[in-house]
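In what follows, a single structure is set out as structure tokens and then discussed.
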Amino acid sequence: MNQTNALFLNGSISKALLKLAVPIILINILQSAYQLTDAFWVGRLGAAQVAAVSVSMPVTFLVIAIGSGLAMAGAILSAQYMGAGQQDKVNHVAAQTVLMVTVTAIVLGILGYLLSPYFLHLLGVEDAVYNDALKFMHVSFVGVVFVFIYAMFQALMRGIGQTKVPLIIVTVTVLLNFLLDPLFIFGYGSFEGLGVMGAALATLVTQSLAAIAGIVIFLRGRHGIKLKLSSFAPDYSYIKQAFFLGAPGSVELSARAFGLIIMSFLVASFGTQTIASYGVGSNILQMVMIPAMGLSMAVSTLVGQNMGAGNPQRAEQITKLAVLWGLCGLSLIGVLAYLFAPYLVAFFIPDDQAVINKGAQFIRIMCLTWGGIGVQLCVVAAFRASGNMLNAMLLALFSQCVVQFPAAYILSKHTALGDQGIWYSFAVTNVLVAAVSYLWFVRGSWQQTKLTKDDKDIAKVSQEAFIEEGSH
């Protein structure tokens with residue numbers, strides 16, 4: 001056992017969380033720079049262009065979410081096998097995950113590209129937004145395979161506790177994207193800018209380079225995972241177990257993505273100004289969630305490795321400490337966001353006072369409940385990492401289908417609040433889902449699942465866990 005693994009399995013929980021969370025937070029900050037850079041430059045084109053990106057993102061996220069369960073299954077199993085000290089299984093899981101994720105991404109990318117016009121017609125976007133949104137979606141779907149591959153690379157590296165290499169790759173690609181964005185959007189010299197499509201194209205170029213770098217690193221095998229070409233032969237027993245473990249994860253992420261699409265329908269019914277305000281507010285929400293996402297990913301690695309090592313009690317202690325950090329940290333960020341809300345919105349759309357006012361209103365209504373997001377993310381991470389994907393899936397369905405959209409629809413369409421009702425639905429969801437998540441976590445049934453058994457038993461264990469949790 002190396003020094004890092006000893007810390008994860010036996011050392012100070014606070015030190016272990018910080019050792020993992022800080023690099024992951026830096027990675028997430030840099031990755032968010034993709035969206036922030038796009039949003040910054042696209043905001044200079046006007047509210048209609050911001051709206052085009054805003055309505056496109058949930059659709060592309062839905063397609064990505066459908067196939068993400070397989071990558072999630074690979075990350076969970078790699079973490080548990082690392083905790084169990086089975087390096088050969090870590091390598092095998094990584095190779096099979098690369099194979100499945102690549103095939104799935106190609107299929108979903110083609111389908112998303114072909115169905116893009118129908119998605120936009122269903123959303124009922126205005127004519128001023130449609131053409132730019134379609135161009136953005138087409139380029140995004142071409143790049144889906146690279147997004148999948150690099151996300152899978154990061155997830156597998158996190159699973160074994162390796163965060164430095166992904167940090168270096170993200171730093172280089174974000175700097176490149178920062179240079180390419182204004183060039184592709186506005187042009188330079190004789191090169192004519194591509195507008196909104198240019199933002200998507202710049203991201204495509206940089207993400208493809210990141211994906212290629214990830215695969216090369218796996219093949220060279222110097223950072224904890226080594227792939228051989230012979231390892232890519234399909235292992236149908238693993239594919240079966242990955243399906244049973246990953247299917248609830250795909251449903252969970254798809255439910256969250258579909259919830260965003262349904263919300264986009266509702267937001268679009270109030271016009272371009274509300275769409276733009278919602279888009280800017282959502283960008284800011286994603287930005288302030290970065291610390292909680294980093295913390296939850298650290299929880300996932302630590303819980304996975306400790307469950308693999310047969311130490312569920314330590315996994316529980318890790319999650320409880322992270323929940324406390326997430327609650328306090330995001331609540332503090334929420335207070336700061338409340339105070340500076342207009343300035344945050346103006347950073348993205350400096351010349352439209354109506355959007356600044358409405359976007360600031362959105363932030364101030366929801367931001368004081370952001371601590372609930374920190375609680376939910378850490379609990380869901382523990383559920384996933386322990387193999388209880390069904391728990392995370394049911395929480396997502398509860399959040400989107402039972403709480404958020406019904407609250408948004410009723411408050412915006414059947415009260416005097418109007419589009420403010422959509423903003424209030426975020427606050428209601430943050431508080432209620434956090435409470436339900438934590439109460440479910442303290443029941444402790446999630447600790448009974450263990451995935452690191454012999455190959456012939458893994459699929460059986462996954463199915464039994466799926467059925468058992470559904471009966472509670």
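Chains: A, B, ... in order of the structure tokens. Residues: from 1 per chain. Ligands: from 1, in order shown.
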
Please list as an NGL selection string every residue within 12 Å of Ile262 (chain A), counting only C-alpha atoms and excluding residues in the same chain fewer than 5 positions away. :A and (55 or 58-59 or 62 or 119 or 122-124 or 254-257 or 267-269 or 400-401 or 404-406 or 408-409 or 422)

DSSP helix (DSSP H, G or I) residues within region 108-300 of chain A, as a PyMOL selection string: chain A and resi 108-123+127-142+144-159+164-186+196-220+229-232+236-268+272-288+290-300

Near region 305-319 of chain A, within 8 Å and counting only C-alpha atoms, which residues show up once chain neighbours fewer than 5 positions away are dropped, as a ChimeraX atom specification? /A:8-9,13,17,79-85,159,299,378-379,382,386,447,450-452

Those same residues, written as a compact mmCIF listing (two decimals), in the first residue's frame with C-alpha atoms?
# COMPACT_ATOMS: atom_id res chain seq x y z
CA PHE A 8 -7.24 7.34 2.13
CA LEU A 9 -7.85 4.14 4.07
CA ILE A 13 -10.19 12.08 7.11
CA LEU A 17 -10.62 15.02 1.82
CA ALA A 79 -12.12 2.82 -6.77
CA GLN A 80 -13.35 -0.27 -4.94
CA TYR A 81 -10.80 -2.56 -6.60
CA MET A 82 -8.04 -0.08 -5.75
CA GLY A 83 -9.18 -0.12 -2.12
CA ALA A 84 -9.20 -3.94 -2.22
CA GLY A 85 -5.65 -3.96 -3.64
CA GLY A 159 -11.24 6.53 -8.63
CA VAL A 299 -16.17 11.71 -1.12
CA CYS A 378 -22.11 14.59 -0.78
CA VAL A 379 -24.82 12.09 0.13
CA ALA A 382 -21.59 8.24 -1.07
CA SER A 386 -20.88 2.33 -2.41
CA GLN A 447 -23.33 0.32 3.85
CA LYS A 450 -19.99 -4.62 -1.55
CA LEU A 451 -18.92 -4.98 -5.17
CA THR A 452 -15.35 -6.30 -4.97

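Minimum atom-to-atom distances from A:Ala105, A:Leu134, A:Val93, A:Ala128 to Met57 (chain A) were compared using only C-alpha atoms, and the lowest value belongs to A:Leu134.
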
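Nearest residue to Val53 (chain A) among A:Tyr130, A:Tyr343, A:Phe265, A:Tyr236 is A:Tyr130, counting only C-alpha atoms.
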
Have a look at CA of Pro291 (chain A) and CA of Lys19 (chain A) and let me know their distance in Å, one decimal.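 Between these atoms lies a distance of 13.6 Å.
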
Name the residues in contact with Phe383 (chain A) at a cut-off of 12 Å, using only C-alpha atoms, excluding same-chain residues fewer than 4 positions from it; report them as a VMD selection string. chain A and resid 76 245 248 to 249 296 to 297 299 to 301 303 to 304 307 312 315 to 316 319 376 to 379 387 to 395 437 to 438 440 to 442 444 to 450 465 469

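Relative to CA of Gly221 (chain A), CA of Gly161 (chain A) is found at 15.0 Å.
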
Show me, as an MDAnalysis selection string, the residues that have an atom within 7 Å of region 359-369 of chain A when counting only C-alpha atoms, minus same-chain residues fewer than 4 positions from it. chainID A and resid 277:278 280:281 331 334:335 337:338 341:342 345 355 423:424 426:427 430:431

Between A:Ser237, A:Gln154, A:Asn131, A:Asn91, smallest distance to Ile225 (chain A) by only C-alpha atoms belongs to A:Asn91

Using only C-alpha atoms, find each residue of region 146-253 of chain A with at least one atom at most 9 Å away from an atom of region 22-29 of chain A; report its shortest atom-to-atom pair and that distance in Å (one decimal), sort the rows by chain and rising residue number, and return the result as CSV.
residue,atom,partner,partner_atom,distance
A:Arg158,CA,A:Ile24,CA,8.5
A:Thr163,CA,A:Pro23,CA,6.2
A:Lys164,CA,A:Pro23,CA,7.0
A:Pro166,CA,A:Ile27,CA,7.3
A:Leu167,CA,A:Ile27,CA,5.3
A:Ile168,CA,A:Ile27,CA,8.6
A:Val170,CA,A:Ile27,CA,6.5
A:Thr171,CA,A:Ile27,CA,7.7

Which residues are near Phe186 (chain A)? Cut-off 9 Å, only C-alpha atoms, ignore same chain within fewer than 5 positions. Put them as a compact mmCIF listing (two decimals) with N, CA, C and O atoms, in the first residue's frame.
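Everything below was put into part.txt:
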# COMPACT_ATOMS: atom_id res chain seq x y z
N TRP A 41 -17.82 35.72 -23.93
CA TRP A 41 -17.71 36.24 -25.29
C TRP A 41 -19.05 36.24 -26.02
O TRP A 41 -19.37 37.18 -26.75
N ASP A 181 -11.45 31.02 -28.42
CA ASP A 181 -12.83 31.51 -28.35
C ASP A 181 -13.04 32.83 -29.09
O ASP A 181 -13.87 32.91 -30.00
N PHE A 191 -10.06 36.27 -41.59
CA PHE A 191 -10.88 35.16 -41.11
C PHE A 191 -12.17 35.71 -40.50
O PHE A 191 -12.14 36.47 -39.53
N GLU A 192 -13.30 35.31 -41.04
CA GLU A 192 -14.60 35.81 -40.57
C GLU A 192 -15.07 34.98 -39.39
O GLU A 192 -15.03 33.75 -39.41
N GLY A 193 -15.50 35.68 -38.33
CA GLY A 193 -15.96 34.99 -37.13
C GLY A 193 -17.20 34.15 -37.37
O GLY A 193 -17.99 34.42 -38.28
N LEU A 194 -17.39 33.12 -36.54
CA LEU A 194 -18.50 32.17 -36.70
C LEU A 194 -19.61 32.40 -35.67
O LEU A 194 -20.56 31.63 -35.63
N GLY A 195 -19.49 33.42 -34.83
CA GLY A 195 -20.52 33.71 -33.84
C GLY A 195 -20.64 32.60 -32.81
O GLY A 195 -19.64 32.05 -32.34
N GLY A 198 -18.81 29.42 -33.32
CA GLY A 198 -17.38 29.49 -33.03
C GLY A 198 -17.04 29.09 -31.61
O GLY A 198 -16.00 28.47 -31.36

For the atom pair CA of Ala435 (chain A) and CA of Ala396 (chain A), what is the interatomic distance in Å to one decimal place?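 The value is 13.6 Å.
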
If we count only C-alpha atoms, what is near Ser231 (chain A) at a cut-off of 12 Å, once residues fewer than 6 positions away on the same chain are taken out, given as a VMD selection string? chain A and resid 88 to 99 218 to 219

Next, dump the selected residues to file, keeping only all heavy atoms, as an mmCIF file, in the first residue's frame.
data_model
loop_
_atom_site.group_PDB
_atom_site.id
_atom_site.type_symbol
_atom_site.label_atom_id
_atom_site.label_comp_id
_atom_site.auth_asym_id
_atom_site.auth_seq_id
_atom_site.Cartn_x
_atom_site.Cartn_y
_atom_site.Cartn_z
ATOM 1 N N ASP A 88 -4.910 -5.603 -11.068
ATOM 2 C CA ASP A 88 -5.267 -6.190 -12.357
ATOM 3 C C ASP A 88 -6.721 -5.911 -12.706
ATOM 4 O O ASP A 88 -7.063 -5.667 -13.871
ATOM 5 C CB ASP A 88 -4.999 -7.698 -12.347
ATOM 6 C CG ASP A 88 -5.756 -8.422 -11.237
ATOM 7 O OD1 ASP A 88 -6.002 -7.809 -10.170
ATOM 8 O OD2 ASP A 88 -6.111 -9.605 -11.427
ATOM 9 N N LYS A 89 -7.593 -5.928 -11.691
ATOM 10 C CA LYS A 89 -9.004 -5.625 -11.926
ATOM 11 C C LYS A 89 -9.194 -4.144 -12.247
ATOM 12 O O LYS A 89 -10.066 -3.786 -13.043
ATOM 13 C CB LYS A 89 -9.833 -6.005 -10.696
ATOM 14 C CG LYS A 89 -9.906 -7.503 -10.433
ATOM 15 C CD LYS A 89 -10.699 -8.206 -11.513
ATOM 16 C CE LYS A 89 -10.839 -9.694 -11.218
ATOM 17 N NZ LYS A 89 -11.656 -9.963 -10.036
ATOM 18 N N VAL A 90 -8.395 -3.266 -11.636
ATOM 19 C CA VAL A 90 -8.462 -1.833 -11.957
ATOM 20 C C VAL A 90 -8.178 -1.619 -13.445
ATOM 21 O O VAL A 90 -8.908 -0.905 -14.144
ATOM 22 C CB VAL A 90 -7.455 -1.035 -11.097
ATOM 23 C CG1 VAL A 90 -7.412 0.421 -11.549
ATOM 24 C CG2 VAL A 90 -7.833 -1.107 -9.625
ATOM 25 N N ASN A 91 -7.117 -2.244 -13.950
ATOM 26 C CA ASN A 91 -6.749 -2.099 -15.362
ATOM 27 C C ASN A 91 -7.826 -2.675 -16.282
ATOM 28 O O ASN A 91 -8.143 -2.090 -17.329
ATOM 29 C CB ASN A 91 -5.413 -2.800 -15.634
ATOM 30 C CG ASN A 91 -4.244 -2.134 -14.919
ATOM 31 O OD1 ASN A 91 -4.312 -0.957 -14.590
ATOM 32 N ND2 ASN A 91 -3.197 -2.892 -14.665
ATOM 33 N N HIS A 92 -8.377 -3.820 -15.895
ATOM 34 C CA HIS A 92 -9.402 -4.455 -16.724
ATOM 35 C C HIS A 92 -10.659 -3.587 -16.801
ATOM 36 O O HIS A 92 -11.233 -3.391 -17.882
ATOM 37 C CB HIS A 92 -9.757 -5.825 -16.147
ATOM 38 C CG HIS A 92 -10.771 -6.576 -16.951
ATOM 39 N ND1 HIS A 92 -10.518 -7.061 -18.219
ATOM 40 C CD2 HIS A 92 -12.055 -6.920 -16.681
ATOM 41 C CE1 HIS A 92 -11.585 -7.671 -18.694
ATOM 42 N NE2 HIS A 92 -12.535 -7.599 -17.763
ATOM 43 N N VAL A 93 -11.080 -3.078 -15.645
ATOM 44 C CA VAL A 93 -12.256 -2.201 -15.606
ATOM 45 C C VAL A 93 -12.035 -0.966 -16.481
ATOM 46 O O VAL A 93 -12.922 -0.549 -17.239
ATOM 47 C CB VAL A 93 -12.556 -1.786 -14.150
ATOM 48 C CG1 VAL A 93 -13.501 -0.585 -14.107
ATOM 49 C CG2 VAL A 93 -13.168 -2.952 -13.384
ATOM 50 N N ALA A 94 -10.842 -0.395 -16.413
ATOM 51 C CA ALA A 94 -10.544 0.804 -17.202
ATOM 52 C C ALA A 94 -10.648 0.531 -18.692
ATOM 53 O O ALA A 94 -11.250 1.314 -19.446
ATOM 54 C CB ALA A 94 -9.159 1.331 -16.849
ATOM 55 N N ALA A 95 -10.071 -0.580 -19.155
ATOM 56 C CA ALA A 95 -10.101 -0.901 -20.584
ATOM 57 C C ALA A 95 -11.524 -1.128 -21.078
ATOM 58 O O ALA A 95 -11.922 -0.614 -22.139
ATOM 59 C CB ALA A 95 -9.242 -2.142 -20.851
ATOM 60 N N GLN A 96 -12.291 -1.876 -20.327
ATOM 61 C CA GLN A 96 -13.670 -2.145 -20.742
ATOM 62 C C GLN A 96 -14.525 -0.880 -20.703
ATOM 63 O O GLN A 96 -15.414 -0.697 -21.539
ATOM 64 C CB GLN A 96 -14.280 -3.224 -19.835
ATOM 65 C CG GLN A 96 -13.643 -4.588 -19.998
ATOM 66 C CD GLN A 96 -13.799 -5.138 -21.404
ATOM 67 O OE1 GLN A 96 -14.901 -5.235 -21.940
ATOM 68 N NE2 GLN A 96 -12.668 -5.474 -22.034
ATOM 69 N N THR A 97 -14.243 -0.003 -19.753
ATOM 70 C CA THR A 97 -14.980 1.257 -19.674
ATOM 71 C C THR A 97 -14.676 2.139 -20.883
ATOM 72 O O THR A 97 -15.573 2.756 -21.458
ATOM 73 C CB THR A 97 -14.637 2.005 -18.375
ATOM 74 O OG1 THR A 97 -14.915 1.164 -17.256
ATOM 75 C CG2 THR A 97 -15.460 3.283 -18.244
ATOM 76 N N VAL A 98 -13.406 2.221 -21.269
ATOM 77 C CA VAL A 98 -13.030 2.986 -22.460
ATOM 78 C C VAL A 98 -13.785 2.462 -23.678
ATOM 79 O O VAL A 98 -14.338 3.241 -24.476
ATOM 80 C CB VAL A 98 -11.508 2.908 -22.711
ATOM 81 C CG1 VAL A 98 -11.156 3.493 -24.076
ATOM 82 C CG2 VAL A 98 -10.745 3.640 -21.620
ATOM 83 N N LEU A 99 -13.820 1.143 -23.838
ATOM 84 C CA LEU A 99 -14.501 0.534 -24.985
ATOM 85 C C LEU A 99 -15.986 0.889 -25.000
ATOM 86 O O LEU A 99 -16.520 1.356 -26.012
ATOM 87 C CB LEU A 99 -14.320 -0.988 -24.925
ATOM 88 C CG LEU A 99 -15.059 -1.805 -25.984
ATOM 89 C CD1 LEU A 99 -14.517 -1.492 -27.373
ATOM 90 C CD2 LEU A 99 -14.948 -3.299 -25.675
ATOM 91 N N PHE A 218 -3.184 6.474 -20.525
ATOM 92 C CA PHE A 218 -3.597 5.120 -20.142
ATOM 93 C C PHE A 218 -2.725 4.054 -20.807
ATOM 94 O O PHE A 218 -2.341 3.064 -20.189
ATOM 95 C CB PHE A 218 -5.062 4.892 -20.518
ATOM 96 C CG PHE A 218 -6.050 5.402 -19.503
ATOM 97 C CD1 PHE A 218 -7.384 5.538 -19.840
ATOM 98 C CD2 PHE A 218 -5.656 5.720 -18.208
ATOM 99 C CE1 PHE A 218 -8.310 5.991 -18.912
ATOM 100 C CE2 PHE A 218 -6.572 6.167 -17.278
ATOM 101 C CZ PHE A 218 -7.906 6.302 -17.627
ATOM 102 N N LEU A 219 -2.422 4.243 -22.091
ATOM 103 C CA LEU A 219 -1.635 3.251 -22.821
ATOM 104 C C LEU A 219 -0.185 3.196 -22.324
ATOM 105 O O LEU A 219 0.435 2.138 -22.323
ATOM 106 C CB LEU A 219 -1.675 3.561 -24.326
ATOM 107 C CG LEU A 219 -3.040 3.349 -25.002
ATOM 108 C CD1 LEU A 219 -3.005 3.842 -26.441
ATOM 109 C CD2 LEU A 219 -3.449 1.873 -24.958
#
